[in-house]
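A.B. asks: Dropping in upload.cif, which is mmCIF, C-alpha atoms:
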```cif
data_my_file
loop_
_atom_site.label_atom_id
_atom_site.label_comp_id
_atom_site.auth_asym_id
_atom_site.auth_seq_id
_atom_site.Cartn_x
_atom_site.Cartn_y
_atom_site.Cartn_z
CA MET A 1 45.02 122.55 51.18
CA ALA A 2 46.05 123.15 54.78
CA ASP A 3 46.15 126.71 56.00
CA ARG A 4 49.61 128.17 55.46
CA ASP A 5 49.47 130.36 58.57
CA GLU A 6 48.68 127.32 60.72
CA THR A 7 51.65 125.43 59.29
CA LEU A 8 53.94 128.42 59.82
CA LEU A 9 52.91 128.61 63.49
CA ILE A 10 53.99 124.99 63.97
CA PHE A 11 57.29 125.07 62.09
CA CYS A 12 58.45 128.68 61.92
CA GLN A 13 59.83 131.09 64.47
CA ASN A 14 60.85 134.60 63.41
CA GLY A 15 61.07 133.46 59.80
CA THR A 16 63.32 130.49 60.65
CA LEU A 17 62.39 126.86 60.16
CA ILE A 18 62.35 125.09 63.52
CA GLY A 19 64.47 121.94 63.44
CA ASN A 20 66.65 123.11 60.56
CA PRO A 21 70.19 123.42 61.99
CA ASP A 22 72.16 126.61 61.45
CA ASP A 23 74.66 124.91 59.18
CA SER A 24 74.56 126.43 55.70
CA GLN A 25 77.80 124.62 54.75
CA ARG A 26 76.08 121.28 55.26
CA GLY A 27 73.17 122.51 53.17
CA LEU A 28 75.53 123.59 50.39
CA ILE A 29 77.25 120.19 50.27
CA THR A 30 73.89 118.38 50.38
CA GLY A 31 72.53 120.51 47.55
CA ILE A 32 75.58 119.93 45.34
CA ILE A 33 75.34 116.16 45.88
CA TYR A 34 71.64 116.17 44.95
CA LEU A 35 72.28 118.19 41.79
CA CYS A 36 75.13 115.87 40.75
CA VAL A 37 72.86 112.84 41.15
CA ALA A 38 70.19 114.64 39.10
CA CYS A 39 72.61 115.51 36.28
CA ILE A 40 73.44 111.83 35.80
CA SER A 41 70.24 109.99 36.66
CA ILE A 42 67.59 112.17 35.01
CA PRO A 43 69.12 111.95 31.48
CA MET A 44 69.45 108.17 31.94
CA SER A 45 65.80 107.93 32.97
CA CYS A 46 64.81 110.05 29.98
CA LEU A 47 66.66 107.64 27.66
CA ILE A 48 64.83 104.71 29.20
CA LEU A 49 61.53 106.55 28.82
CA TYR A 50 62.37 107.21 25.17
CA ALA A 51 63.02 103.50 24.64
CA PHE A 52 59.66 102.61 26.20
CA THR A 53 57.80 105.06 23.96
CA ARG A 54 59.15 103.67 20.69
CA PRO A 55 56.28 102.36 18.50
CA GLU A 56 57.44 98.75 18.69
CA GLN A 57 57.45 98.91 22.52
CA ILE A 58 54.58 101.21 23.50
CA LYS A 59 52.08 98.89 21.80
CA HIS A 60 52.43 96.48 24.74
CA SER A 61 50.22 97.14 27.77
CA SER A 62 53.07 96.37 30.15
CA THR A 63 55.24 99.01 28.47
CA LYS A 64 52.48 101.60 28.83
CA CYS A 65 52.44 100.92 32.58
CA LEU A 66 56.25 101.10 32.68
CA THR A 67 56.10 104.41 30.80
CA ILE A 68 53.81 105.86 33.45
CA ALA A 69 56.03 104.60 36.28
CA THR A 70 59.21 105.89 34.61
CA SER A 71 57.62 109.30 34.09
CA ALA A 72 56.83 109.34 37.81
CA ASP A 73 60.50 108.44 38.46
CA ILE A 74 61.69 111.46 36.48
CA LEU A 75 59.28 113.89 38.13
CA ASN A 76 60.19 112.59 41.59
CA MET A 77 63.88 112.99 40.79
CA ILE A 78 63.26 116.60 39.80
CA ASN A 79 61.53 117.12 43.13
CA ALA A 80 64.01 115.20 45.27
CA CYS A 81 67.23 116.34 43.56
CA VAL A 82 66.84 119.48 41.47
CA ILE A 83 64.39 121.61 43.49
CA SER A 84 65.43 120.16 46.84
CA GLY A 85 69.10 120.56 45.92
CA LEU A 86 68.59 124.22 45.03
CA ALA A 87 66.61 124.70 48.25
CA SER A 88 69.53 123.29 50.26
CA ILE A 89 72.07 125.48 48.47
CA TYR A 90 70.06 128.70 48.80
CA GLY A 91 68.36 127.92 52.11
CA TRP A 92 64.78 128.02 50.84
CA THR A 93 62.14 127.08 53.43
CA LEU A 94 58.37 127.34 53.63
CA CYS A 95 58.90 130.02 56.31
CA ASP A 96 60.02 132.51 53.65
CA ALA A 97 57.03 134.76 53.07
CA GLU A 98 58.38 135.78 49.64
CA LYS A 99 58.43 132.18 48.40
CA TYR A 100 54.83 131.06 48.60
CA TRP A 101 55.48 128.90 45.54
CA PHE A 102 57.84 126.77 47.64
CA PHE A 103 55.07 126.17 50.17
CA VAL A 104 52.82 124.97 47.32
CA PHE A 105 55.70 122.91 45.91
CA ASN A 106 55.83 120.89 49.12
CA TYR A 107 52.25 119.76 48.39
CA TRP A 108 53.31 118.78 44.88
CA VAL A 109 56.10 116.62 46.31
CA LEU A 110 53.62 114.62 48.37
CA TRP A 111 51.16 114.36 45.45
CA MET A 112 53.92 112.97 43.23
CA TRP A 113 54.93 110.43 45.87
CA TYR A 114 51.31 109.25 45.98
CA PHE A 115 51.36 109.07 42.19
CA TYR A 116 54.48 106.92 42.10
CA CYS A 117 53.04 104.59 44.75
CA ILE A 118 49.76 103.98 42.91
CA ALA A 119 51.64 103.64 39.59
CA SER A 120 53.86 100.95 41.10
CA MET A 121 50.82 99.15 42.53
CA VAL A 122 49.07 99.14 39.15
CA LEU A 123 52.28 97.94 37.47
CA ALA A 124 52.61 95.11 40.00
CA VAL A 125 49.04 93.95 39.37
CA ASN A 126 49.69 94.21 35.62
CA ARG A 127 52.78 91.98 35.86
CA MET A 128 51.02 89.47 38.13
CA LEU A 129 47.90 89.11 35.96
CA ASN A 130 50.07 88.64 32.87
CA PHE A 131 51.11 85.25 34.29
CA VAL A 132 48.05 84.37 36.37
CA SER A 133 45.00 85.16 34.23
CA THR A 134 45.05 86.18 30.57
CA ARG A 135 41.32 86.89 30.73
CA ALA A 136 41.65 89.29 33.67
CA TYR A 137 44.74 90.85 32.13
CA ASN A 138 42.93 91.58 28.87
CA LEU A 139 39.88 92.87 30.75
CA LEU A 140 41.89 95.38 32.76
CA PHE A 141 44.94 96.24 30.65
CA SER A 142 44.45 95.35 26.98
CA GLY A 143 44.77 98.00 24.27
CA ARG A 144 44.68 101.56 25.54
CA LYS A 145 43.24 100.74 28.96
CA PRO A 146 46.52 101.60 30.78
CA TRP A 147 45.88 105.24 29.84
CA LEU A 148 42.51 105.01 31.64
CA TRP A 149 44.43 103.77 34.66
CA LEU A 150 46.43 106.98 34.43
CA VAL A 151 43.23 108.95 35.04
CA PHE A 152 42.47 106.72 38.04
CA MET A 153 45.98 107.31 39.43
CA MET A 154 45.60 111.09 39.22
CA CYS A 155 42.19 110.94 40.92
CA TYR A 156 43.66 108.71 43.64
CA CYS A 157 46.44 111.19 44.41
CA THR A 158 44.05 114.14 44.45
CA ALA A 159 41.66 112.26 46.75
CA GLY A 160 44.55 111.58 49.13
CA MET A 161 45.40 115.27 49.31
CA ILE A 162 41.74 116.12 49.95
CA ILE A 163 41.29 113.44 52.64
CA THR A 164 44.38 114.65 54.52
CA PRO A 165 45.50 118.09 53.25
CA CYS A 166 49.03 117.84 54.61
CA VAL A 167 52.18 119.54 53.40
CA LEU A 168 55.64 117.95 53.42
CA VAL A 169 58.23 120.12 55.13
CA TYR A 170 61.71 120.28 53.60
CA PHE A 171 64.66 120.93 55.92
CA PRO A 172 67.34 122.34 53.56
CA ASN A 173 70.35 121.94 55.85
CA LEU A 174 69.36 118.35 56.67
CA GLY A 175 68.32 117.50 53.12
CA HIS A 176 65.09 115.65 53.80
CA TYR A 177 61.31 115.96 54.09
CA LYS A 178 58.87 115.04 56.84
CA ASP A 179 55.09 115.23 57.22
CA ALA A 180 53.91 118.52 58.72
CA ILE A 181 51.25 116.67 60.74
CA VAL A 182 50.29 113.05 61.31
CA ASN A 183 49.00 112.03 57.89
CA PRO A 184 46.75 108.92 58.03
CA PHE A 185 46.44 108.68 54.24
CA HIS A 186 50.22 108.80 53.78
CA ILE A 187 50.62 106.01 56.33
CA TYR A 188 47.82 103.95 54.78
CA GLN A 189 49.02 104.21 51.19
CA ASN A 190 52.64 103.40 52.06
CA PHE A 191 51.55 100.19 53.79
CA ALA A 192 49.01 99.47 51.03
CA LYS A 193 51.82 99.82 48.50
CA ILE A 194 54.00 97.37 50.42
CA GLY A 195 51.15 94.86 50.74
CA ILE A 196 49.85 95.01 47.16
CA VAL A 197 53.25 95.15 45.48
CA THR A 198 54.83 92.41 47.59
CA SER A 199 51.87 90.04 47.29
CA SER A 200 51.51 90.63 43.54
CA TYR A 201 55.16 89.89 42.78
CA THR A 202 55.17 86.90 45.14
CA ILE A 203 52.26 85.38 43.23
CA MET A 204 54.03 86.23 39.97
CA LEU A 205 57.18 84.40 41.10
CA ILE A 206 55.14 81.31 41.99
CA TYR A 207 53.64 81.22 38.50
CA ILE A 208 57.01 81.83 36.84
CA ALA A 209 58.41 78.87 38.80
CA ARG A 210 55.53 76.72 37.57
CA MET A 211 56.14 77.84 33.99
CA GLN A 212 59.82 76.99 34.35
CA ARG A 213 58.99 73.46 35.46
CA SER A 214 56.65 73.05 32.49
CA LEU A 215 59.26 74.48 30.08
CA GLU A 216 57.01 77.36 29.00
CA LEU A 217 59.63 80.07 29.46
CA ASP A 218 61.24 79.96 26.03
CA HIS A 219 61.20 83.32 24.24
CA ASN A 220 58.94 84.92 26.85
CA TYR A 221 60.14 88.53 26.86
CA GLN A 222 57.81 89.27 29.78
CA ILE A 223 60.06 87.40 32.23
CA PRO A 224 63.05 89.80 32.38
CA VAL A 225 60.75 92.85 32.30
CA SER A 226 58.72 91.46 35.20
CA LEU A 227 61.77 90.46 37.26
CA GLN A 228 63.35 93.89 36.81
CA SER A 229 60.08 95.54 37.86
CA MET A 230 60.00 93.29 40.91
CA GLY A 231 63.55 94.30 41.90
CA VAL A 232 62.67 97.99 41.75
CA ALA A 233 59.44 97.28 43.67
CA MET A 234 61.37 95.67 46.52
CA LEU A 235 63.50 98.80 46.78
CA GLY A 236 60.24 100.76 46.73
CA ASP A 237 59.02 98.79 49.77
CA PHE A 238 62.14 99.80 51.68
CA CYS A 239 61.68 103.42 50.60
CA ALA A 240 58.04 103.44 51.78
CA ILE A 241 59.13 102.25 55.23
CA ALA A 242 62.07 104.67 55.37
CA PHE A 243 59.83 107.58 54.35
CA LEU A 244 57.52 106.88 57.29
CA LEU A 245 60.42 106.43 59.70
CA GLY A 246 61.74 109.83 58.64
CA SER A 247 58.52 111.47 59.82
CA TYR A 248 57.29 109.30 62.69
CA VAL A 249 60.23 107.72 64.52
CA PRO A 250 60.22 109.01 68.15
CA GLN A 251 62.73 111.81 68.74
CA HIS A 252 64.18 110.15 71.83
CA TRP A 253 65.35 107.15 69.80
CA ALA A 254 69.04 107.22 68.85
CA PHE A 255 68.00 106.29 65.31
CA TYR A 256 66.07 109.57 64.98
CA ALA A 257 69.21 111.54 64.03
CA TYR A 258 69.67 109.39 60.91
CA SER A 259 66.06 108.66 59.96
CA GLY A 260 65.62 111.70 57.72
CA THR A 261 68.86 111.11 55.82
CA MET A 262 67.95 107.45 55.35
CA SER A 263 64.47 108.30 54.05
CA HIS A 264 65.71 110.79 51.45
CA SER A 265 68.64 108.58 50.41
CA SER A 266 66.27 105.65 49.83
CA TRP A 267 64.03 107.99 47.83
CA LEU A 268 66.95 108.90 45.58
CA ALA A 269 67.96 105.25 45.28
CA LEU A 270 64.44 104.28 44.22
CA HIS A 271 64.09 106.87 41.47
CA SER A 272 67.69 107.08 40.29
CA GLU A 273 68.66 104.82 37.39
CA LEU A 274 72.17 104.86 38.83
CA PHE A 275 70.98 102.50 41.53
CA GLU A 276 68.47 100.56 39.45
CA LEU A 277 71.11 99.54 36.93
CA VAL A 278 73.62 98.26 39.50
#
```
When written as structure tokens, how does the structure in this file appear?

C.D. replies:
Amino acid sequence: MADRDETLLIFCQNGTLIGNPDDSQRGLITGIIYLCVACISIPMSCLILYAFTRPEQIKHSSTKCLTIATSADILNMINACVISGLASIYGWTLCDAEKYWFFVFNYWVLWMWYFYCIASMVLAVNRMLNFVSTRAYNLLFSGRKPWLWLVFMMCYCTAGMIITPCVLVYFPNLGHYKDAIVNPFHIYQNFAKIGIVTSSYTIMLIYIARMQRSLELDHNYQIPVSLQSMGVAMLGDFCAIAFLLGSYVPQHWAFYAYSGTMSHSSWLALHSELFELV
């Protein structure tokens, strides 16, 4: 974990977060919007998670992977809407010496983003292998093996935090996060996510097209599940790019003023069932 005092020297001045505008009214409106999104989307996600965990569904390896990804959705929505919304309403920042927990929470936000990214990559490979190679699919995902992947995902996220111990900084009156320092692992894993997810679903589409030509699609329940996962994954690619733009776009660019709002809005769109069901 990065040294808190070092981070405070970079971002704080007299207990005030540098770069956070003195506009508490904007923070209040932002926080209320985030909480309203949370009140609708989190219960919907919980219902979907409940459906995935029913005995007749959870027995499928693909559903186990979807259960992990949906759980990551819910936890990210709590981070991005509930806690961040309250922080915007009450003006919480990591510069507040009495709220050390909020400083630690900003690490948790980044860890959970890593977790969602690796979960989506594993899900993409799962969907692709289901159509490409039954042997490889059974080797990697049959039975309870998806739960072993869960252990791998957690180790991956922890390794990322150890390799680059960086905190995300939340700006309550702007309503978005940015990396405290240049974070090579964050950059790598966002582009790795885009590459692995996009290539996996592209290969999957090619094999689905071949199956369609050979009339092998009848009663294959995997098709709609895979296509829905692909749609969410494409939104995830956009979110990964937007997240990086929010932290690394040059300040002299005109786009800089909107980059943070775009990154957080895409984050909400990715994890909110409101957008996924449109």

A.B. asks: Run the PyMOL selection byres ((chain A and resi 114) around 10) mentally over the shown coordinates, then write out the matched residues as an MDAnalysis selection string, using the chain letters and numbers from the document.

C.D. replies: chainID A and resid 72 108:113 115:120 153:154 156:158 160:161 185:186 189:190 193

A.B. asks: For the PyMOL selection byres ((chain A and resi 135-141) around 10), applied here, can you spell out every residue it catches as a ChimeraX atom specification?

C.D. replies: /A:60-62,64-65,122,125-134,142-149

A.B. asks: Which residue, A:Leu174, A:Val151, A:Val104, A:Leu123, has the smallest gap to A:Ser24 when you use only C-alpha atoms?

C.D. replies: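 Once distances to A:Ser24 are computed over only C-alpha atoms, the minimum belongs to A:Leu174.
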
A.B. asks: Counting all atoms listed in the file, which of A:Tyr207, A:Phe171, A:Phe11, A:Tyr188 gets nearest to A:Ile241?

C.D. replies: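 Answer, going by the shortest atom-to-atom distance: A:Tyr188.
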
A.B. asks: How many Å lie between atom CA of A:Ile68 and atom CA of A:Gly260, rounded to one decimal?

C.D. replies: 27.6 Å

A.B. asks: With the PyMOL selection byres ((chain A and resi 82) around 9) as the selection, what would be picked from this file? Answer as a tab-separated table (two decimals) with C-alpha atoms, in the coordinates of the input, please.

C.D. replies:
```tsv
chain	number	residue	atom	x	y	z
A	31	GLY	CA	72.53	120.51	47.55
A	34	TYR	CA	71.64	116.17	44.95
A	35	LEU	CA	72.28	118.19	41.79
A	37	VAL	CA	72.86	112.84	41.15
A	38	ALA	CA	70.19	114.64	39.10
A	39	CYS	CA	72.61	115.51	36.28
A	77	MET	CA	63.88	112.99	40.79
A	78	ILE	CA	63.26	116.60	39.80
A	79	ASN	CA	61.53	117.12	43.13
A	80	ALA	CA	64.01	115.20	45.27
A	81	CYS	CA	67.23	116.34	43.56
A	83	ILE	CA	64.39	121.61	43.49
A	84	SER	CA	65.43	120.16	46.84
A	85	GLY	CA	69.10	120.56	45.92
A	86	LEU	CA	68.59	124.22	45.03
A	87	ALA	CA	66.61	124.70	48.25
```

A.B. asks: Name all residues at most 9 Å from A:Thr93 (count all atoms listed in the file; drop same-chain ones fewer than 4 positions away) and give them as a PyMOL selection string.

C.D. replies: chain A and resi 16-17+87-88+99+102-103+169-172

A.B. asks: Put those residues in a file: C-alpha atoms, as an mmCIF file, in the frame of the given file.

C.D. replies:
```cif
data_model
loop_
_atom_site.group_PDB
_atom_site.id
_atom_site.type_symbol
_atom_site.label_atom_id
_atom_site.label_comp_id
_atom_site.auth_asym_id
_atom_site.auth_seq_id
_atom_site.Cartn_x
_atom_site.Cartn_y
_atom_site.Cartn_z
ATOM 1 C CA THR A 16 63.320 130.490 60.650
ATOM 2 C CA LEU A 17 62.390 126.860 60.160
ATOM 3 C CA ALA A 87 66.610 124.700 48.250
ATOM 4 C CA SER A 88 69.530 123.290 50.260
ATOM 5 C CA LYS A 99 58.430 132.180 48.400
ATOM 6 C CA PHE A 102 57.840 126.770 47.640
ATOM 7 C CA PHE A 103 55.070 126.170 50.170
ATOM 8 C CA VAL A 169 58.230 120.120 55.130
ATOM 9 C CA TYR A 170 61.710 120.280 53.600
ATOM 10 C CA PHE A 171 64.660 120.930 55.920
ATOM 11 C CA PRO A 172 67.340 122.340 53.560
#
```

A.B. asks: Give me stretch 62-92 of chain A with N, CA and C atoms filled in, as a JSON list (two decimals), keeping the file's coordinate frame.

C.D. replies:
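Saved to part.json:
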```json
[["chain", "number", "residue", "atom", "x", "y", "z"],
["A", 62, "SER", "N", 52.09, 96.30, 29.07],
["A", 62, "SER", "CA", 53.07, 96.37, 30.15],
["A", 62, "SER", "C", 53.99, 97.57, 29.98],
["A", 63, "THR", "N", 54.35, 97.88, 28.73],
["A", 63, "THR", "CA", 55.24, 99.01, 28.47],
["A", 63, "THR", "C", 54.52, 100.34, 28.75],
["A", 64, "LYS", "N", 53.24, 100.38, 28.50],
["A", 64, "LYS", "CA", 52.48, 101.60, 28.83],
["A", 64, "LYS", "C", 52.54, 101.85, 30.34],
["A", 65, "CYS", "N", 52.36, 100.78, 31.12],
["A", 65, "CYS", "CA", 52.44, 100.92, 32.58],
["A", 65, "CYS", "C", 53.85, 101.31, 33.02],
["A", 66, "LEU", "N", 54.87, 100.74, 32.37],
["A", 66, "LEU", "CA", 56.25, 101.10, 32.68],
["A", 66, "LEU", "C", 56.54, 102.55, 32.29],
["A", 67, "THR", "N", 55.93, 103.01, 31.22],
["A", 67, "THR", "CA", 56.10, 104.41, 30.80],
["A", 67, "THR", "C", 55.55, 105.36, 31.85],
["A", 68, "ILE", "N", 54.39, 105.02, 32.40],
["A", 68, "ILE", "CA", 53.81, 105.86, 33.45],
["A", 68, "ILE", "C", 54.70, 105.87, 34.68],
["A", 69, "ALA", "N", 55.18, 104.69, 35.09],
["A", 69, "ALA", "CA", 56.03, 104.60, 36.28],
["A", 69, "ALA", "C", 57.36, 105.32, 36.08],
["A", 70, "THR", "N", 57.94, 105.21, 34.89],
["A", 70, "THR", "CA", 59.21, 105.89, 34.61],
["A", 70, "THR", "C", 59.03, 107.40, 34.58],
["A", 71, "SER", "N", 57.91, 107.86, 34.06],
["A", 71, "SER", "CA", 57.62, 109.30, 34.09],
["A", 71, "SER", "C", 57.52, 109.80, 35.53],
["A", 72, "ALA", "N", 56.91, 108.99, 36.39],
["A", 72, "ALA", "CA", 56.83, 109.34, 37.81],
["A", 72, "ALA", "C", 58.22, 109.37, 38.42],
["A", 73, "ASP", "N", 59.10, 108.43, 38.01],
["A", 73, "ASP", "CA", 60.50, 108.44, 38.46],
["A", 73, "ASP", "C", 61.16, 109.78, 38.15],
["A", 74, "ILE", "N", 61.02, 110.22, 36.93],
["A", 74, "ILE", "CA", 61.69, 111.46, 36.48],
["A", 74, "ILE", "C", 61.17, 112.66, 37.26],
["A", 75, "LEU", "N", 59.86, 112.75, 37.40],
["A", 75, "LEU", "CA", 59.28, 113.89, 38.13],
["A", 75, "LEU", "C", 59.68, 113.87, 39.60],
["A", 76, "ASN", "N", 59.75, 112.67, 40.20],
["A", 76, "ASN", "CA", 60.19, 112.59, 41.59],
["A", 76, "ASN", "C", 61.67, 112.94, 41.74],
["A", 77, "MET", "N", 62.48, 112.60, 40.73],
["A", 77, "MET", "CA", 63.88, 112.99, 40.79],
["A", 77, "MET", "C", 64.05, 114.50, 40.68],
["A", 78, "ILE", "N", 63.22, 115.14, 39.87],
["A", 78, "ILE", "CA", 63.26, 116.60, 39.80],
["A", 78, "ILE", "C", 62.92, 117.20, 41.15],
["A", 79, "ASN", "N", 61.91, 116.63, 41.81],
["A", 79, "ASN", "CA", 61.53, 117.12, 43.13],
["A", 79, "ASN", "C", 62.62, 116.87, 44.16],
["A", 80, "ALA", "N", 63.11, 115.62, 44.21],
["A", 80, "ALA", "CA", 64.01, 115.20, 45.27],
["A", 80, "ALA", "C", 65.44, 115.69, 45.09],
["A", 81, "CYS", "N", 65.84, 115.94, 43.83],
["A", 81, "CYS", "CA", 67.23, 116.34, 43.56],
["A", 81, "CYS", "C", 67.36, 117.79, 43.11],
["A", 82, "VAL", "N", 66.63, 118.16, 42.06],
["A", 82, "VAL", "CA", 66.84, 119.48, 41.47],
["A", 82, "VAL", "C", 66.30, 120.59, 42.39],
["A", 83, "ILE", "N", 64.99, 120.56, 42.66],
["A", 83, "ILE", "CA", 64.39, 121.61, 43.49],
["A", 83, "ILE", "C", 64.89, 121.53, 44.91],
["A", 84, "SER", "N", 64.94, 120.31, 45.46],
["A", 84, "SER", "CA", 65.43, 120.16, 46.84],
["A", 84, "SER", "C", 66.90, 120.53, 46.94],
["A", 85, "GLY", "N", 67.68, 120.18, 45.92],
["A", 85, "GLY", "CA", 69.10, 120.56, 45.92],
["A", 85, "GLY", "C", 69.28, 122.07, 45.91],
["A", 86, "LEU", "N", 68.52, 122.76, 45.07],
["A", 86, "LEU", "CA", 68.59, 124.22, 45.03],
["A", 86, "LEU", "C", 68.13, 124.82, 46.35],
["A", 87, "ALA", "N", 67.10, 124.21, 46.96],
["A", 87, "ALA", "CA", 66.61, 124.70, 48.25],
["A", 87, "ALA", "C", 67.68, 124.57, 49.33],
["A", 88, "SER", "N", 68.45, 123.47, 49.28],
["A", 88, "SER", "CA", 69.53, 123.29, 50.26],
["A", 88, "SER", "C", 70.66, 124.29, 50.03],
["A", 89, "ILE", "N", 70.98, 124.55, 48.77],
["A", 89, "ILE", "CA", 72.07, 125.48, 48.47],
["A", 89, "ILE", "C", 71.70, 126.91, 48.87],
["A", 90, "TYR", "N", 70.46, 127.31, 48.56],
["A", 90, "TYR", "CA", 70.06, 128.70, 48.80],
["A", 90, "TYR", "C", 69.27, 128.89, 50.10],
["A", 91, "GLY", "N", 69.03, 127.81, 50.82],
["A", 91, "GLY", "CA", 68.36, 127.92, 52.11],
["A", 91, "GLY", "C", 66.88, 128.22, 52.02],
["A", 92, "TRP", "N", 66.22, 127.77, 50.96],
["A", 92, "TRP", "CA", 64.78, 128.02, 50.84],
["A", 92, "TRP", "C", 64.01, 127.18, 51.86]]
```
